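Undergrad: Provided below: start.cif, containing mmCIF, C-alpha atoms and all ligand atoms.
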```
data_start
#
loop_
_atom_site.label_atom_id
_atom_site.label_comp_id
_atom_site.auth_asym_id
_atom_site.auth_seq_id
_atom_site.Cartn_x
_atom_site.Cartn_y
_atom_site.Cartn_z
CA MET A 366 15.09 -3.91 -0.50
CA LEU A 367 15.07 -0.16 -1.13
CA PRO A 368 17.49 1.72 1.17
CA LEU A 369 14.62 3.72 2.63
CA LEU A 370 12.80 0.52 3.57
CA GLN A 371 15.97 -0.89 5.11
CA ASP A 372 16.31 2.23 7.21
CA VAL A 373 12.67 2.19 8.27
CA ARG A 374 12.89 -1.49 9.19
CA ARG A 375 16.01 -0.86 11.27
CA ARG A 376 14.28 1.96 13.13
CA ALA A 377 11.15 -0.15 13.64
CA HIS A 378 13.28 -2.89 15.15
CA GLN A 379 14.66 -0.38 17.64
CA VAL A 380 11.29 0.81 18.91
CA VAL A 381 8.90 -2.13 18.71
CA PRO A 382 8.84 -4.32 21.85
CA ALA A 383 10.12 -7.87 21.36
CA PRO A 384 6.81 -9.81 21.42
CA ALA A 385 5.18 -7.45 18.91
CA LEU A 386 8.29 -7.51 16.74
CA ASP A 387 8.26 -11.31 16.70
CA TYR A 388 4.58 -11.23 15.74
CA LEU A 389 5.29 -8.75 12.93
CA GLU A 390 8.27 -10.53 11.42
CA THR A 391 7.37 -14.16 11.93
CA GLY A 392 6.56 -16.71 9.27
CA SER A 393 5.35 -20.25 9.84
CA GLY A 394 7.11 -23.62 9.79
CA GLN A 395 10.75 -23.37 8.79
CA GLU A 396 9.95 -20.02 7.18
CA VAL A 397 10.78 -21.47 3.76
CA THR A 398 8.02 -19.49 2.02
CA LEU A 399 8.88 -16.34 3.96
CA GLY A 400 12.56 -16.73 3.10
CA GLU A 401 11.85 -17.17 -0.59
CA ALA A 402 9.36 -14.34 -1.11
CA GLU A 403 11.72 -11.47 -1.90
CA GLN A 404 14.13 -13.48 -4.03
CA ALA A 405 11.28 -14.83 -6.15
CA TRP A 406 10.66 -11.38 -7.62
CA ARG A 407 14.29 -11.33 -8.75
CA ASP A 408 13.81 -14.53 -10.70
CA TRP A 409 12.22 -12.46 -13.49
CA ARG A 410 14.02 -10.24 -15.99
CA LEU A 411 12.69 -7.34 -18.02
CA VAL A 412 13.32 -6.66 -21.68
CA PRO A 413 13.06 -2.86 -22.09
CA GLN A 414 11.97 -0.95 -25.11
CA ILE A 415 14.44 1.88 -25.72
CA LEU A 416 13.75 5.11 -27.58
CA ALA A 417 10.14 4.49 -26.70
CA GLY A 418 9.13 8.14 -26.61
CA VAL A 419 8.64 8.41 -22.86
CA GLY A 420 8.86 11.94 -21.52
CA PRO A 421 10.83 13.22 -18.51
CA LEU A 422 10.62 11.31 -15.24
CA SER A 423 8.10 13.81 -13.89
CA SER A 424 5.70 12.89 -16.69
CA ILE A 425 5.57 9.16 -15.85
CA SER A 426 2.17 8.36 -14.37
CA THR A 427 1.66 5.60 -11.82
CA ALA A 428 -2.06 6.40 -11.53
CA THR A 429 -4.45 3.55 -12.12
CA ARG A 430 -7.89 2.17 -11.31
CA VAL A 431 -8.49 -0.94 -9.21
CA LEU A 432 -12.04 -2.23 -9.38
CA GLY A 433 -13.85 1.13 -9.32
CA ASP A 434 -11.29 3.01 -7.28
CA VAL A 435 -8.89 5.56 -8.69
CA VAL A 436 -5.46 5.63 -7.05
CA ALA A 437 -2.26 7.59 -7.66
CA THR A 438 -0.21 4.43 -7.28
CA PRO A 439 -0.73 0.69 -7.73
CA VAL A 440 1.24 0.18 -4.50
CA LEU A 441 -1.48 -0.44 -1.89
CA ALA A 442 -1.49 -1.19 1.84
CA ALA A 443 -2.15 -4.86 2.65
CA PRO A 444 -4.43 -5.75 5.53
CA THR A 445 -2.27 -6.18 8.64
CA ALA A 446 -3.60 -6.72 12.12
CA TYR A 447 -3.13 -4.84 15.39
CA HIS A 448 -1.44 -1.57 14.47
CA ARG A 449 -1.63 -0.33 18.06
CA PHE A 450 0.95 -2.98 18.92
CA VAL A 451 3.52 -0.80 17.16
CA HIS A 452 2.16 2.77 17.36
CA ASP A 453 -0.15 4.57 19.78
CA GLU A 454 -2.41 5.95 17.07
CA GLY A 455 -2.60 2.58 15.33
CA GLU A 456 -4.57 2.44 12.09
CA LEU A 457 -5.45 6.16 12.29
CA ALA A 458 -1.84 7.02 11.55
CA THR A 459 -1.63 4.32 8.89
CA ALA A 460 -4.70 5.78 7.20
CA ARG A 461 -3.18 9.26 7.05
CA GLY A 462 0.02 7.86 5.58
CA VAL A 463 -1.87 5.90 2.94
CA ALA A 464 -3.85 9.04 2.11
CA ALA A 465 -0.67 11.11 1.75
CA ALA A 466 0.62 8.58 -0.79
CA GLY A 467 -2.62 8.61 -2.81
CA SER A 468 -2.89 4.88 -2.24
CA LEU A 469 -5.66 2.55 -1.02
CA MET A 470 -5.92 0.87 2.37
CA VAL A 471 -7.16 -2.64 2.91
CA LEU A 472 -8.25 -2.41 6.52
CA SER A 473 -7.73 -5.58 8.54
CA SER A 474 -10.74 -6.83 10.46
CA ARG A 475 -8.29 -7.01 13.38
CA VAL A 476 -8.24 -3.19 13.47
CA THR A 477 -7.39 -1.80 16.90
CA VAL A 478 -9.24 1.53 16.83
CA PRO A 479 -12.93 1.95 15.99
CA LEU A 480 -13.21 1.23 12.27
CA GLU A 481 -15.42 4.28 11.76
CA ASP A 482 -12.59 6.52 12.99
CA VAL A 483 -10.21 5.02 10.44
CA ALA A 484 -12.88 5.54 7.79
CA ASP A 485 -13.13 9.22 8.78
CA ALA A 486 -9.37 9.67 8.44
CA LEU A 487 -9.47 8.02 5.03
CA ARG A 488 -12.45 10.08 3.89
CA ALA A 489 -10.64 13.26 4.91
CA GLY A 490 -7.87 12.27 2.52
CA GLY A 491 -10.27 11.24 -0.26
CA THR A 492 -8.76 7.77 0.06
CA PRO A 493 -10.55 4.60 -1.01
CA TRP A 494 -10.48 1.62 1.31
CA TRP A 495 -11.53 -2.00 1.39
CA TRP A 496 -12.58 -4.12 4.34
CA GLN A 497 -10.75 -7.39 4.98
CA SER A 498 -12.97 -10.07 6.42
CA TYR A 499 -12.37 -13.29 8.27
CA LEU A 500 -15.02 -15.66 9.47
CA VAL A 501 -15.18 -16.07 13.22
CA GLY A 502 -17.09 -18.45 15.48
CA GLU A 503 -20.13 -16.21 15.64
CA ARG A 504 -21.27 -15.26 12.16
CA ALA A 505 -23.10 -12.22 13.54
CA VAL A 506 -19.70 -10.74 14.35
CA THR A 507 -18.41 -11.11 10.80
CA ALA A 508 -21.70 -9.76 9.43
CA GLY A 509 -21.91 -6.88 11.88
CA LEU A 510 -18.40 -5.73 11.10
CA ALA A 511 -18.91 -5.98 7.34
CA GLU A 512 -22.15 -3.99 7.55
CA ARG A 513 -20.40 -1.29 9.55
CA ALA A 514 -17.60 -1.21 6.97
CA VAL A 515 -20.17 -0.62 4.21
CA ALA A 516 -21.85 2.12 6.20
CA ALA A 517 -18.46 3.73 6.84
CA GLY A 518 -17.60 3.82 3.15
CA ALA A 519 -15.63 0.68 2.21
CA THR A 520 -15.85 0.02 -1.52
CA ALA A 521 -14.91 -3.67 -1.57
CA ILE A 522 -14.58 -6.67 0.72
CA VAL A 523 -11.46 -8.82 0.80
CA LEU A 524 -12.23 -12.30 2.08
CA THR A 525 -9.03 -13.92 3.29
CA GLY A 526 -9.26 -17.55 2.28
CA ASP A 527 -5.95 -18.96 3.49
CA THR A 528 -6.63 -18.77 7.21
CA PRO A 529 -9.25 -21.34 8.28
CA TYR A 530 -7.25 -21.20 11.47
CA VAL A 531 -4.12 -19.27 12.31
CA SER A 532 -1.01 -21.30 11.59
CA VAL A 533 1.60 -21.97 14.23
CA ARG A 534 3.95 -19.06 13.82
CA THR A 535 7.63 -19.79 14.14
CA ARG A 536 8.68 -16.87 16.31
CA THR A 537 5.58 -16.73 18.46
CA ALA A 538 5.18 -20.48 18.93
CA SER A 539 5.99 -20.28 22.63
CA GLY A 540 2.87 -18.26 23.32
CA PRO A 541 -0.25 -16.97 21.70
CA VAL A 542 -0.20 -13.88 19.54
CA PRO A 543 -0.04 -11.03 22.06
CA VAL A 544 -3.64 -10.04 21.63
CA ASP A 545 -5.12 -7.82 24.21
CA GLU A 546 -8.79 -8.80 24.35
CA GLU A 547 -9.68 -5.21 25.04
CA VAL A 548 -7.94 -4.13 21.86
CA LEU A 549 -9.87 -6.71 19.85
CA ALA A 550 -13.11 -5.85 21.57
CA VAL A 551 -12.98 -2.28 20.25
CA ASN A 552 -14.67 -3.43 17.07
CA MET A 553 -15.81 -6.99 17.54
CA ALA A 554 -17.27 -7.42 20.98
CA ARG A 555 -20.40 -5.38 20.38
CA HIS A 556 -21.59 -7.94 17.81
CA VAL A 557 -21.30 -10.90 20.15
CA PRO A 558 -24.80 -12.02 21.07
CA ARG A 559 -25.77 -11.67 24.72
CA GLY A 560 -24.70 -14.65 26.78
CA ALA A 561 -22.32 -16.04 24.16
CA ASP A 562 -18.77 -16.84 25.19
CA LEU A 563 -16.49 -14.08 23.94
CA SER A 564 -13.49 -16.15 22.97
CA THR A 565 -15.57 -18.80 21.17
CA ALA A 566 -17.52 -16.10 19.35
CA LEU A 567 -14.36 -14.34 18.21
CA ALA A 568 -12.28 -17.44 17.40
CA GLN A 569 -11.07 -17.80 13.85
CA ALA A 570 -13.41 -20.04 11.77
CA PRO A 571 -12.99 -21.58 8.30
CA ALA A 572 -14.65 -19.82 5.36
CA ASN A 573 -15.71 -21.61 2.18
CA LEU A 574 -16.69 -20.75 -1.39
CA ALA A 575 -20.31 -20.03 -0.47
CA ASP A 576 -19.15 -17.25 1.83
CA ILE A 577 -18.11 -15.19 -1.19
CA ARG A 578 -21.76 -14.81 -2.23
CA TRP A 579 -22.89 -14.48 1.36
CA LEU A 580 -20.61 -11.49 1.85
CA HIS A 581 -21.54 -10.02 -1.51
CA GLU A 582 -25.26 -10.26 -0.80
CA LEU A 583 -24.82 -8.93 2.70
CA THR A 584 -22.80 -5.89 1.68
CA GLY A 585 -23.64 -5.26 -1.97
CA LEU A 586 -19.90 -4.79 -2.54
CA PRO A 587 -17.52 -6.66 -4.81
CA VAL A 588 -15.69 -9.43 -2.94
CA LEU A 589 -12.06 -10.24 -3.66
CA VAL A 590 -10.55 -13.46 -2.37
CA LYS A 591 -7.09 -13.24 -0.83
CA GLY A 592 -4.70 -16.16 -0.64
CA VAL A 593 -5.11 -17.64 -4.12
CA LEU A 594 -2.00 -19.54 -5.25
CA GLY A 595 -3.07 -21.29 -8.43
CA GLY A 596 -5.03 -20.78 -11.61
CA GLU A 597 -7.63 -23.40 -10.77
CA ASP A 598 -8.33 -21.86 -7.40
CA ALA A 599 -8.70 -18.46 -9.04
CA GLN A 600 -11.32 -19.89 -11.38
CA ARG A 601 -13.19 -21.59 -8.52
CA CYS A 602 -13.36 -18.27 -6.69
CA LEU A 603 -14.55 -16.34 -9.74
CA GLU A 604 -17.20 -18.96 -10.50
CA ALA A 605 -18.36 -18.65 -6.90
CA GLY A 606 -18.89 -14.92 -7.36
CA ALA A 607 -15.54 -13.30 -6.58
CA ALA A 608 -14.90 -9.95 -8.24
CA GLY A 609 -11.13 -10.34 -8.06
CA VAL A 610 -8.32 -12.32 -6.47
CA VAL A 611 -5.25 -11.53 -4.42
CA VAL A 612 -2.30 -13.84 -5.03
CA SER A 613 -0.76 -14.20 -1.59
CA THR A 614 1.09 -16.53 0.76
CA HIS A 615 -0.12 -14.41 3.69
CA GLY A 616 3.44 -13.21 4.07
CA GLY A 617 4.67 -16.79 4.58
CA ARG A 618 2.58 -16.96 7.77
CA GLN A 619 0.07 -19.71 6.95
CA LEU A 620 1.06 -22.95 5.14
CA ASP A 621 4.84 -23.01 4.92
CA ARG A 622 6.39 -24.21 1.63
CA VAL A 623 3.61 -22.89 -0.55
CA VAL A 624 4.79 -21.55 -3.89
CA ALA A 625 6.06 -17.99 -4.01
CA SER A 626 3.54 -15.37 -5.15
CA ALA A 627 6.02 -14.12 -7.75
CA HIS A 628 6.34 -17.59 -9.27
CA VAL A 629 2.66 -18.40 -9.47
CA LEU A 630 1.33 -14.99 -10.53
CA PRO A 631 1.50 -15.71 -14.30
CA ASP A 632 -0.60 -18.90 -13.89
CA VAL A 633 -3.28 -16.97 -12.03
CA VAL A 634 -3.25 -14.12 -14.55
CA GLU A 635 -3.66 -16.58 -17.37
CA ALA A 636 -6.50 -18.45 -15.65
CA VAL A 637 -8.35 -15.22 -14.89
CA GLY A 638 -7.85 -14.09 -18.47
CA GLY A 639 -8.68 -10.44 -17.84
CA ALA A 640 -12.11 -11.27 -16.43
CA ALA A 641 -11.31 -9.71 -13.05
CA PRO A 642 -8.49 -7.83 -11.33
CA VAL A 643 -5.54 -9.81 -10.01
CA LEU A 644 -3.60 -8.32 -7.11
CA VAL A 645 -0.49 -9.76 -5.53
CA ASP A 646 1.55 -9.47 -2.34
CA GLY A 647 4.49 -11.06 -0.56
CA GLY A 648 8.08 -9.87 -0.42
CA ILE A 649 7.57 -6.77 -2.54
CA ARG A 650 10.30 -4.39 -1.41
CA THR A 651 11.24 -2.21 -4.42
CA GLY A 652 9.52 -0.45 -7.27
CA ILE A 653 11.17 -2.88 -9.67
CA ASP A 654 9.41 -5.75 -7.86
CA VAL A 655 6.19 -3.84 -8.54
CA LEU A 656 7.19 -3.31 -12.16
CA VAL A 657 7.74 -7.06 -12.58
CA ALA A 658 4.38 -7.79 -10.96
CA LEU A 659 2.56 -5.38 -13.27
CA ALA A 660 4.42 -6.68 -16.31
CA LEU A 661 3.39 -10.22 -15.31
CA GLY A 662 -0.22 -9.01 -15.40
CA ALA A 663 -1.04 -7.88 -11.87
CA ASP A 664 -3.38 -4.88 -11.58
CA ALA A 665 -1.87 -3.72 -8.29
CA VAL A 666 0.33 -4.91 -5.43
CA LEU A 667 0.06 -4.81 -1.66
CA LEU A 668 2.76 -4.15 0.93
CA GLY A 669 2.40 -5.84 4.32
CA ARG A 670 5.36 -5.59 6.68
CA PRO A 671 6.92 -2.48 5.07
CA VAL A 672 3.82 -0.42 5.88
CA VAL A 673 3.96 -1.57 9.50
CA TRP A 674 7.69 -0.79 9.71
CA GLY A 675 6.87 2.69 8.44
CA LEU A 676 4.12 3.08 11.03
CA ALA A 677 6.38 1.93 13.87
CA ALA A 678 9.31 4.08 12.77
CA GLY A 679 7.49 7.27 11.90
CA GLY A 680 3.72 7.08 12.22
CA ALA A 681 1.73 8.50 9.31
CA GLN A 682 4.85 10.08 7.87
CA GLY A 683 6.65 6.73 7.93
CA VAL A 684 3.80 4.98 6.13
CA GLY A 685 3.67 7.73 3.50
CA ASP A 686 7.43 7.57 3.06
CA VAL A 687 7.40 3.81 2.47
CA LEU A 688 4.59 3.89 -0.09
CA GLY A 689 6.08 7.01 -1.69
CA ALA A 690 9.56 5.53 -2.02
CA VAL A 691 8.32 2.33 -3.66
CA THR A 692 6.11 4.36 -5.99
CA ALA A 693 8.98 6.69 -6.95
CA ASP A 694 11.19 3.68 -7.67
CA LEU A 695 8.38 2.22 -9.79
CA ALA A 696 8.03 5.43 -11.81
CA HIS A 697 11.74 5.49 -12.44
CA GLY A 698 11.71 1.86 -13.56
CA MET A 699 8.70 2.43 -15.80
CA GLY A 700 10.47 5.17 -17.71
CA LEU A 701 13.56 3.01 -18.16
CA LEU A 702 11.40 0.11 -19.33
CA GLY A 703 9.80 2.39 -21.90
CA ALA A 704 6.37 2.72 -20.30
CA ALA A 705 4.84 6.14 -19.63
CA ASP A 706 1.90 4.78 -17.66
CA VAL A 707 0.53 1.63 -16.05
CA ALA A 708 -1.23 0.60 -19.24
CA GLY A 709 2.14 0.80 -20.94
CA VAL A 710 3.65 -1.60 -18.42
CA ARG A 711 0.84 -4.05 -18.94
CA ALA A 712 1.45 -3.84 -22.68
CA ALA A 713 4.99 -5.09 -21.91
CA ARG A 714 3.55 -8.51 -21.01
CA HIS A 715 5.72 -10.37 -23.50
CA ARG A 716 8.80 -8.55 -22.24
CA VAL A 717 9.23 -10.21 -18.86
CA VAL A 718 11.17 -13.48 -18.93
CA PRO A 719 12.61 -15.94 -16.39
CA ALA A 720 16.19 -15.17 -15.36
CA GLY A 721 18.94 -17.28 -16.88
CA LEU A 722 20.13 -18.20 -20.32
CA ARG A 723 17.40 -18.46 -22.93
CA ARG A 724 17.54 -19.92 -26.36
C1 LIG B 1 1.83 -8.51 11.13
C2 LIG B 1 0.96 -9.01 10.03
C3 LIG B 1 -0.40 -9.07 10.22
C4 LIG B 1 -1.23 -9.51 9.18
N1 LIG B 1 -2.57 -9.48 9.37
C5 LIG B 1 -3.38 -9.85 8.36
C6 LIG B 1 -4.79 -9.75 8.50
O1 LIG B 1 -5.29 -9.32 9.52
N2 LIG B 1 -5.55 -10.15 7.46
C7 LIG B 1 -5.01 -10.63 6.29
O2 LIG B 1 -5.75 -10.98 5.37
N3 LIG B 1 -3.69 -10.70 6.12
C8 LIG B 1 -2.86 -10.33 7.12
N4 LIG B 1 -1.51 -10.38 6.94
C9 LIG B 1 -0.95 -10.74 5.61
C10 LIG B 1 -0.77 -9.49 4.73
O3 LIG B 1 -2.02 -8.99 4.32
C11 LIG B 1 0.04 -9.77 3.46
O4 LIG B 1 -0.53 -10.86 2.77
C12 LIG B 1 1.51 -10.05 3.69
O5 LIG B 1 2.02 -9.36 4.81
C13 LIG B 1 2.31 -9.63 2.44
O6 LIG B 1 3.64 -9.94 2.56
P1 LIG B 1 4.78 -8.89 2.98
O7 LIG B 1 4.65 -8.69 4.46
O8 LIG B 1 6.04 -9.60 2.61
O9 LIG B 1 4.59 -7.61 2.20
C14 LIG B 1 -0.66 -9.94 7.95
C15 LIG B 1 0.73 -9.89 7.78
C16 LIG B 1 1.53 -9.43 8.79
C17 LIG B 1 3.01 -9.35 8.57
C1 LIG B 2 -6.47 -13.84 13.24
C2 LIG B 2 -5.31 -13.66 12.37
C3 LIG B 2 -4.36 -12.60 12.85
C4 LIG B 2 -3.96 -11.67 11.78
C5 LIG B 2 -3.21 -12.32 10.68
O1 LIG B 2 -3.76 -12.60 9.66
C6 LIG B 2 -1.80 -12.56 10.80
O2 LIG B 2 -1.24 -12.43 11.89
O3 LIG B 2 -1.20 -12.95 9.80
#
```
Could I get this file's structure written as structure tokens?
Ligand SMILES: Cc1cc2nc3c(=O)[nH]c(=O)nc-3n(C[C@H](O)[C@H](O)[C@H](O)COP(=O)(O)O)c2cc1C
Ligand SMILES: CCCCC(=O)C(=O)O

TA:
Amino acid sequence: MLPLLQDVRRRAHQVVPAPALDYLETGSGQEVTLGEAEQAWRDWRLVPQILAGVGPLSSISTATRVLGDVVATPVLAAPTAYHRFVHDEGELATARGVAAAGSLMVLSSRVTVPLEDVADALRAGGTPWWWQSYLVGERAVTAGLAERAVAAGATAIVLTGDTPYVSVRTRTASGPVPVDEEVLAVNMARHVPRGADLSTALAQAPANLADIRWLHELTGLPVLVKGVLGGEDAQRCLEAGAAGVVVSTHGGRQLDRVVASAHVLPDVVEAVGGAAPVLVDGGIRTGIDVLVALALGADAVLLGRPVVWGLAAGGAQGVGDVLGAVTADLAHGMGLLGAADVAGVRAARHRVVPAGLRR
């Protein structure tokens, strides 16, 4: 982990109350997948190209395009729920931090301030954002939220496919996730039909392949599917209308013992074959992790916990610092690899190999 992230995590652990901290850090099961996520990125080795004609460090460009959105960095903010658990301003501060970094925010449907306010903060920064969607008991809630996200300026939908129900989380198993119904109701309650039971209407519900098209037709936006962990699944999603996939273990919080994102990324990239963007998250903690992901064929990466540590430790500034530090480390690594821009990293596809002796 980058020193700055270590520092931010330490400070977050000092200020976040215990139940929220457990919720933030927990995995599921024996936390095998969670425990493996960071190391898995280190199982790859890079073969640099020296004397490659790259200019000074300041000339290395991390700018790229993801779907239609132009960003200054391929290091994006993953959707994470309930930011007001860790900071009074919640997602508003996160949005300003993401904007300062020139990144993109995937806004969790479990956002704890009115989503339109977050959209305003993002618009002020000229920052693109995507709406993460779950299905809940009452489809009108999912639809109502997605329609509001479109109206507020989201440019894509991310359908999270790995959470038909929320897994038992190791560190919060003794009690439910500390969800304040009022906090949830900020965005969701107004879409619950009159007379319907609130908790049934808002309960997590399984999505299926047909929901990709449903969301696309409802919103007119491209739909990415998050939680893909194999080439075949990536193809199923694309055939069902997905515009992209996110390789993810949900931060080791859903099925424990699933394969590490870093290990399975090449299979997904190969199956997708350039037909759609492939994003990846899970255990990314340095710019060199990002470099490996891009060299393996990812179009961009997402940071989950590190963004929330930044928010807890320093609000918008903390979020900006986290994304900025990982991006700076990436730029440094790119130059040393011999790549002046993101396209150059992707051209290094044959120059990332498994660690260990090779014949
Ligand atoms: C506290 C927390 C809340 C999360 N909430 C959501 C969510 O609302 N929707 C979602 O699709 N993924 C959610 N995730 C998963 C993240 O989007 C992401 O896949 C994961 O955190 C990446 O791993 P990392 O934390 O190691 O960077 C959450 C993760 C954490 C840690
Ligand atoms: C309803 C799911 C809660 C948010 C989430 O995805 C997570 O805690 O990982």

Undergrad: So, counting all atoms listed in the file, which residue among A:Gly675, A:Gly592, A:Gly698, A:Gly609 is closest to ligand LIG 1 (chain B)?

TA: A:Gly592

Undergrad: Counting all atoms listed in the file, select every polymer residue within 7 Å of (3.2, 7.8, 16.7) as defined in the file's coordinates, and provide the selection as a list in words.

TA: His452, Asp453, Glu454, Gly679 and Gly680 of chain A

Undergrad: How many Å separate atom O9 of ligand LIG 1 (chain B) from CA of Gly648 in chain A?

TA: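 Spanning atom O9 of ligand LIG 1 (chain B) to CA of Gly648 in chain A is a straight-line distance of 4.9 Å.
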
Undergrad: Taking into account only C-alpha atoms and all ligand atoms, which residue in the set A:Val476, A:Ile415, A:Ala511, A:Leu589 is nearest to ligand LIG 2 (chain B)?

TA: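 Of A:Val476, A:Ile415, A:Ala511, A:Leu589, the one nearest ligand LIG 2 (chain B), counting only C-alpha atoms and all ligand atoms, is A:Val476.
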
Undergrad: How would you report the residues lying within 7 Å of ligand LIG 2 (chain B), as a list in words, if you count only C-alpha atoms and all ligand atoms?

TA: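 Protein and nucleic-acid residues within 7 Å of ligand LIG 2 (chain B): Thr445, Ala446, Arg475, Val531, Gln569, His615 and Arg618 of chain A.
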
Undergrad: Under the rule of at most 8 Å, produce a per-residue listing of chain A near ligand LIG 1 (chain B): chain, number, name, the closest pair of atoms, and the distance in Å, as a Markdown table, using all atoms listed in the file.

TA:
```
| residue | atom | partner | partner_atom | distance |
| --- | --- | --- | --- | --- |
| A:Tyr388 | CA | B:LIG1 | C1 | 6.0 |
| A:Leu389 | CA | B:LIG1 | C1 | 3.9 |
| A:Glu390 | CA | B:LIG1 | C17 | 6.1 |
| A:Thr391 | CA | B:LIG1 | C17 | 7.3 |
| A:Leu399 | CA | B:LIG1 | O8 | 7.4 |
| A:Ala402 | CA | B:LIG1 | O8 | 6.9 |
| A:Glu403 | CA | B:LIG1 | O8 | 7.5 |
| A:Ala443 | CA | B:LIG1 | O3 | 4.5 |
| A:Pro444 | CA | B:LIG1 | O3 | 4.2 |
| A:Thr445 | CA | B:LIG1 | N1 | 3.4 |
| A:Ala446 | CA | B:LIG1 | N1 | 4.0 |
| A:Tyr447 | CA | B:LIG1 | C3 | 7.2 |
| A:Ser473 | CA | B:LIG1 | O1 | 4.6 |
| A:Ser474 | CA | B:LIG1 | O1 | 6.1 |
| A:Arg475 | CA | B:LIG1 | O1 | 5.4 |
| A:Val476 | CA | B:LIG1 | O1 | 7.9 |
| A:Gln497 | CA | B:LIG1 | O2 | 6.2 |
| A:Ser498 | CA | B:LIG1 | O2 | 7.4 |
| A:Tyr499 | CA | B:LIG1 | N2 | 7.6 |
| A:Val523 | CA | B:LIG1 | O2 | 7.6 |
| A:Leu524 | CA | B:LIG1 | O2 | 7.4 |
| A:Thr525 | CA | B:LIG1 | O2 | 4.9 |
| A:Lys591 | CA | B:LIG1 | O2 | 6.7 |
| A:Gly592 | CA | B:LIG1 | O4 | 7.6 |
| A:Ser613 | CA | B:LIG1 | O4 | 5.5 |
| A:Thr614 | CA | B:LIG1 | O4 | 6.2 |
| A:His615 | CA | B:LIG1 | O4 | 3.7 |
| A:Gly616 | CA | B:LIG1 | O6 | 3.6 |
| A:Gly617 | CA | B:LIG1 | O6 | 7.2 |
| A:Arg618 | CA | B:LIG1 | C15 | 7.3 |
| A:Asp646 | CA | B:LIG1 | C13 | 4.8 |
| A:Gly647 | CA | B:LIG1 | O6 | 3.4 |
| A:Gly648 | CA | B:LIG1 | O8 | 3.7 |
| A:Ile649 | CA | B:LIG1 | O9 | 5.7 |
| A:Arg650 | CA | B:LIG1 | O9 | 7.5 |
| A:Leu667 | CA | B:LIG1 | O9 | 6.6 |
| A:Leu668 | CA | B:LIG1 | O9 | 4.1 |
| A:Gly669 | CA | B:LIG1 | O9 | 3.5 |
| A:Arg670 | CA | B:LIG1 | O7 | 3.9 |
| A:Pro671 | CA | B:LIG1 | O9 | 6.3 |
| A:Val673 | CA | B:LIG1 | C1 | 7.4 |
```

Undergrad: Between A:Pro413, A:Val623, A:Val672, A:Gly662, single out the one closest to Val451 in chain A, counting only C-alpha atoms.

TA: A:Val672

Undergrad: So that I can check the surroundings of Arg375 in chain A, please list as a VMD selection string every protein, DNA and RNA residue that reaches within 12 Å of it, counting all atoms listed in the file and ignoring chain neighbours fewer than 3 positions away.

TA: chain A and resid 368 to 372 378 to 381 386 671 674 to 675 677 to 679

Undergrad: Rounded to one decimal in Å, what is the spacing between CA of Ala568 in chain A and CA of Leu441 in chain A?

TA: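 Taking CA of Ala568 in chain A and CA of Leu441 in chain A, their separation equals 27.9 Å.
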
Undergrad: Determine the nearest neighbour of Ala720 in chain A from the options A:Gly418, A:Gly400, A:Val431, A:His628, counting only C-alpha atoms.

TA: A:His628

Undergrad: How far is it from CA of Thr459 in chain A to CA of Ile653 in chain A, in Å with one decimal?

TA: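 About the pair CA of Thr459 in chain A and CA of Ile653 in chain A: they are 23.7 Å apart.
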
Undergrad: Would you mind listing what lies within 8 Å of Leu620 in chain A as a JSON list (two decimals) with C-alpha atoms, in the coordinates of the input, with all atoms listed in the file counted and same-chain residues fewer than 6 positions away left out?

TA:
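See part-v6.json below for the written result:
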```json
[["chain", "number", "residue", "atom", "x", "y", "z"],
["A", 393, "SER", "CA", 5.35, -20.25, 9.84],
["A", 394, "GLY", "CA", 7.11, -23.62, 9.79],
["A", 532, "SER", "CA", -1.01, -21.30, 11.59],
["A", 614, "THR", "CA", 1.09, -16.53, 0.76]]
```

Undergrad: Here is a test: counting all atoms listed in the file, which residue of A:Val397, A:Ala505, A:Ala561, A:Ala660 is nearest to Val710 in chain A?

TA: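 Answer, going by the shortest atom-to-atom distance: A:Ala660.
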
Undergrad: Please report, as a Markdown table, each residue of range 635-697 of chain A lying at most 12 Å from range 421-424 of chain A, together with the nearest pair of atoms and the separation in Å rounded to one decimal; use only C-alpha atoms, and order rows by chain and ascending residue number.

TA:
```
| residue | atom | partner | partner_atom | distance |
| --- | --- | --- | --- | --- |
| A:Ala693 | CA | A:Leu422 | CA | 9.6 |
| A:Asp694 | CA | A:Leu422 | CA | 10.8 |
| A:Leu695 | CA | A:Leu422 | CA | 10.8 |
| A:Ala696 | CA | A:Leu422 | CA | 7.3 |
| A:His697 | CA | A:Leu422 | CA | 6.6 |
```

Undergrad: For the residues in the current selection, export C-alpha atoms as a PDB file, in the frame of the given file.

TA:
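Result written to again10.pdb:
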```
ATOM      1  CA  ALA A 693       8.980   6.690  -6.950  1.00  0.00           C
ATOM      2  CA  ASP A 694      11.190   3.680  -7.670  1.00  0.00           C
ATOM      3  CA  LEU A 695       8.380   2.220  -9.790  1.00  0.00           C
ATOM      4  CA  ALA A 696       8.030   5.430 -11.810  1.00  0.00           C
ATOM      5  CA  HIS A 697      11.740   5.490 -12.440  1.00  0.00           C
TER       6      HIS A 697
END
```

Undergrad: With all atoms listed in the file as the atoms that count, which of A:Arg504, A:Arg488, A:His448, A:Arg374 lies nearest to Arg461 in chain A?

TA: A:Arg488

Undergrad: Within 12 Å of Ile522 in chain A, counting all atoms listed in the file, which residues qualify if same-chain residues fewer than 2 places away don't, as an MDAnalysis selection string?

TA: chainID A and resid 432 444 470:474 494:499 507:508 510:515 518:520 524:525 576:591 607:611

Undergrad: Just the residues within 12 Å of Val629 in chain A, please, counting only C-alpha atoms, with nothing from its chain fewer than 5 positions along; format it as an NGL selection string.

TA: :A and (402 or 405-406 or 408-409 or 592-599 or 611-614 or 623-624 or 634-636 or 643 or 645-647 or 658 or 661-663)
